[in-house]
Amino acid sequence: MNLNRSMIFVSLFLSSTAIAQYVNKMPIYPLPNQIILPPNKVALGERLFHDSRLSRDDSISCATCHDLATGGVDNLPFSIGIDGQKGDINTPTVFNSHFNFKQGWAGRAATLKEQVALPIHNPKEMDSNWQHVISKLEKDNYYFKTFNRLYTDGIQEHNIQDALAIFESSLITPDSPFDRYLNGDENALNEPEKKGYHLFNSYGCISCHQGINIGGNMFQKFGVFGDYFADRGNITKADLGRFNVTGREMDRHRFKIPSLRNVALTAPYFHDGSAATLKEAVKIMIRYQLGRDIPKEEIELIIDFLGTLTGKYKGKSL
Amino acid sequence: MKLNHIGSVVFGVGLAALITILIFRHHIDYEKHKKVENNLHHFSSLNAVINQDLVLVFHGLLENYDSIWKNINTLQEILTNLRDEEKAYRDKHAQNDIKQAIETLNTTLASKEATIELFKANNAILKNSVTYCPSAMMQLNKILEKEQFPLLLKTMQQLLQNILIFSRPGQHYFIASEINILTKRLQQLNRDIPKSHQNQITNILQHIRVIVEHKKEVEQLLITAVDSPIEHNTRELSSTFNTYIEQQIYQIEKLRLFLYFCIMGLISLYNCYSY
């Protein structure tokens, strides 16, 4: 009896492992419901994320541009940084950034920890430095006590980076209708949304927007079928994309494929914030990346599908 | 006699202290060495997993790139760990040799990562065109059949057949020249048909060009990534670590021998004074 029961458990375990392996080989697979992270560090990181003392004049926090109430972005083509300065590139969402293979449009940072330092030092964003930030945080009793409790060496730049990166890793948005559909709930998507998913597949969007984050795992040239930048005009340094990081000619106009999770909330689109609506963005993608024309009704169906990628944060729909 | 006795005790204690210092200066941290070995073994096996995943992606058996980038990140983490181990070597010569071997491996990994990135991007473009092109051609063929364009239809059918064969993995480059001839013919025939069809054919020709150009490139990138000398460089690094561990062991052996003679000498000295 006991042997039979163990055998059932073993076969269930083996089959679940096999299913997990199979699912992970699919083009898109669902987000986990949670990631195990140290709760004290998440809380510390959350406080830092909303703390404007990270900027030179205490005016800008991470949350200023990455507003968690609006899909982790500020819905502006270019964010407004310190002294009212306009940024060079559209702010990507902070939600699910844990699942991106590199951070930023050009993949400037390899990890979230590395990424944290960039806006702090950017003269158009927070225009500060670690020494300045640490001296301000040391005066705060909460930070002084908490850092000393959680880290052996107290308030240090690598610990600030660590706490912020851990909090950002906690910003995941599971349980979207599409995740539920992938988990086997056939009714999670309605018919137009299912058709939209089918078109998303058959038109080849899925060639780049794939993996757990439906993007965020590769770089791609913007303008495979046609010169997007020549057509748009007014080329800026930010338009050079990955080239700005590597200096390699092959990386010119190459960008990290953005995640499509919560995409319905993160307008305007692209690194240049040039597409004000999802419809515009889909049209540009179909023209320059897929090299084809598709009927208007089908664009609407794809947009219906993209709407199903909006997940939940802390149990509430975004 | 008493003074001599004290002298021998002082001599003995001094010698013991010297030996203790020498032993502590030259002790071997086997735990650390095991860690290095495990890291290198892990590095090697992850590199093999990446190669396997690349081949699976190429054949359409793995449909996302997540496992590939995660494993590359782990390789970079292992290299960071190995850099920390290198600092533990006090011998400057050893430190330099290990540092150099790690940097060589790091450069090879960076180059492999760049190749993989290009492979991923070009493979996605190829996949898009390979999926779309035949269906677009079949759709147009149906229309051409109805509207009576026999010559154009025949060219399209031949081209479709060649594209389907060419798209399969393997060396089908001899078909590329045939595709080239057919596309040129298609371009000529494209001038005498309605505008709407002309646009469709132009679009199909664009995708055919993508398939022909990217197929060879993707296959080449796959070979370059898989053939990267990472395995060789990992073995080199492993052998560099081992050389210095062996040297340390040899030094310890010499020290043991020296210690043995010292103890023997001490015993003899003690015996001399005792009698």
# chains A, B, ... in the order shown; residues from 1 in each chain; ligands from 1
call {"tool": "closest_atom_pairs", "arguments": {"of": "chain A", "to": "chain B", "cutoff": "7 Å", "atoms": "only C-alpha atoms", "output": "tab-separated table"}}
result
residue	atom	partner	partner_atom	distance
A:Lys25	CA	B:Leu62	CA	4.9
A:Met26	CA	B:Glu63	CA	5.3
A:Pro27	CA	B:Glu63	CA	4.5
A:Phe101	CA	B:Trp69	CA	6.3
A:Tyr203	CA	B:Tyr132	CA	6.8
A:Gly204	CA	B:Asn128	CA	4.9
A:Ser207	CA	B:Ala124	CA	4.9
A:Cys208	CA	B:Ala124	CA	6.0
A:Gln210	CA	B:Asn64	CA	5.8
A:Gly211	CA	B:Asn64	CA	5.0
A:Asn217	CA	B:Asp66	CA	6.3
A:Met218	CA	B:Glu117	CA	6.7
A:Phe219	CA	B:Ala121	CA	6.4
A:Gln220	CA	B:Ala121	CA	5.4
A:Arg292	CA	B:Asn203	CA	6.8
call {"tool": "closest_residue", "arguments": {"among": "A:Glu157, A:Asp127, A:Asp231, A:Glu298", "to": "Tyr197 (chain A)", "atoms": "only C-alpha atoms"}}
result
A:Glu298
call {"tool": "residues_around", "arguments": {"residues": "Leu40 (chain B)", "least_positions_apart": "3", "cutoff": "7 Å", "atoms": "only C-alpha atoms", "output": "list in words"}}
result
Val36, Glu37, Phe43, Ser44, Thr234 and Ser238 of chain B
call {"tool": "residues_around", "arguments": {"residues": "Ile80 (chain A)", "least_positions_apart": "5", "cutoff": "8 Å", "atoms": "only C-alpha atoms", "output": "number ranges by chain"}}
result
A: 65, 85-87, 125
call {"tool": "write_last_selection", "arguments": {"atoms": "all heavy atoms", "output": "PDB file, in the first residue's frame"}}
result
ATOM      1  N   CYS A  65       9.727  58.138 -11.957  1.00  0.00           N
ATOM      2  CA  CYS A  65       9.603  57.689 -13.357  1.00  0.00           C
ATOM      3  C   CYS A  65       8.957  56.309 -13.453  1.00  0.00           C
ATOM      4  O   CYS A  65       8.277  56.000 -14.423  1.00  0.00           O
ATOM      5  CB  CYS A  65      10.975  57.661 -14.030  1.00  0.00           C
ATOM      6  SG  CYS A  65      11.805  59.242 -13.965  1.00  0.00           S
ATOM      7  N   GLN A  85      14.885  68.560 -16.355  1.00  0.00           N
ATOM      8  CA  GLN A  85      15.531  68.110 -17.610  1.00  0.00           C
ATOM      9  C   GLN A  85      14.820  66.901 -18.212  1.00  0.00           C
ATOM     10  O   GLN A  85      14.406  66.006 -17.478  1.00  0.00           O
ATOM     11  CB  GLN A  85      16.984  67.709 -17.335  1.00  0.00           C
ATOM     12  CG  GLN A  85      17.874  68.848 -16.940  1.00  0.00           C
ATOM     13  CD  GLN A  85      19.287  68.330 -16.727  1.00  0.00           C
ATOM     14  OE1 GLN A  85      20.072  68.279 -17.658  1.00  0.00           O
ATOM     15  NE2 GLN A  85      19.600  67.963 -15.504  1.00  0.00           N
ATOM     16  N   LYS A  86      14.727  66.903 -19.540  1.00  0.00           N
ATOM     17  CA  LYS A  86      14.081  65.790 -20.237  1.00  0.00           C
ATOM     18  C   LYS A  86      15.112  64.693 -20.507  1.00  0.00           C
ATOM     19  O   LYS A  86      16.237  65.005 -20.929  1.00  0.00           O
ATOM     20  CB  LYS A  86      13.487  66.294 -21.545  1.00  0.00           C
ATOM     21  CG  LYS A  86      12.300  65.497 -22.016  1.00  0.00           C
ATOM     22  CD  LYS A  86      11.420  66.286 -22.946  1.00  0.00           C
ATOM     23  CE  LYS A  86      11.946  66.223 -24.363  1.00  0.00           C
ATOM     24  NZ  LYS A  86      11.008  66.804 -25.338  1.00  0.00           N
ATOM     25  N   GLY A  87      14.725  63.439 -20.256  1.00  0.00           N
ATOM     26  CA  GLY A  87      15.632  62.307 -20.500  1.00  0.00           C
ATOM     27  C   GLY A  87      15.845  62.066 -21.985  1.00  0.00           C
ATOM     28  O   GLY A  87      15.198  62.693 -22.831  1.00  0.00           O
ATOM     29  N   GLU A 125      19.047  62.630 -14.701  1.00  0.00           N
ATOM     30  CA  GLU A 125      18.045  61.913 -13.918  1.00  0.00           C
ATOM     31  C   GLU A 125      18.125  62.305 -12.439  1.00  0.00           C
ATOM     32  O   GLU A 125      17.424  63.192 -11.988  1.00  0.00           O
ATOM     33  CB  GLU A 125      18.188  60.406 -14.140  1.00  0.00           C
ATOM     34  CG  GLU A 125      17.845  60.035 -15.589  1.00  0.00           C
ATOM     35  CD  GLU A 125      17.967  58.566 -15.898  1.00  0.00           C
ATOM     36  OE1 GLU A 125      17.740  57.725 -15.013  1.00  0.00           O
ATOM     37  OE2 GLU A 125      18.330  58.246 -17.059  1.00  0.00           O
TER      38      GLU A 125
END
call {"tool": "closest_residue", "arguments": {"among": "B:Ile102, B:Leu151, B:Ile163, B:Ile175", "to": "Leu189 (chain B)", "atoms": "only C-alpha atoms"}}
result
B:Leu151
call {"tool": "residues_around", "arguments": {"residues": "Thr146 (chain A)", "least_positions_apart": "3", "cutoff": "12 Å", "atoms": "only C-alpha atoms", "output": "PyMOL selection string"}}
result
chain A and resi 40-45+47-48+137-138+140-143+149-155+159-160+163
call {"tool": "closest_residue", "arguments": {"among": "B:Ile245, B:Ile252, B:Leu257, B:Ile263", "to": "Asp91 (chain B)", "atoms": "only C-alpha atoms"}}
result
B:Ile245
call {"tool": "atom_distance", "arguments": {"atom1": "CA of Gln100 (chain B)", "atom2": "CA of Asp84 (chain B)"}}
result
13.7 Å
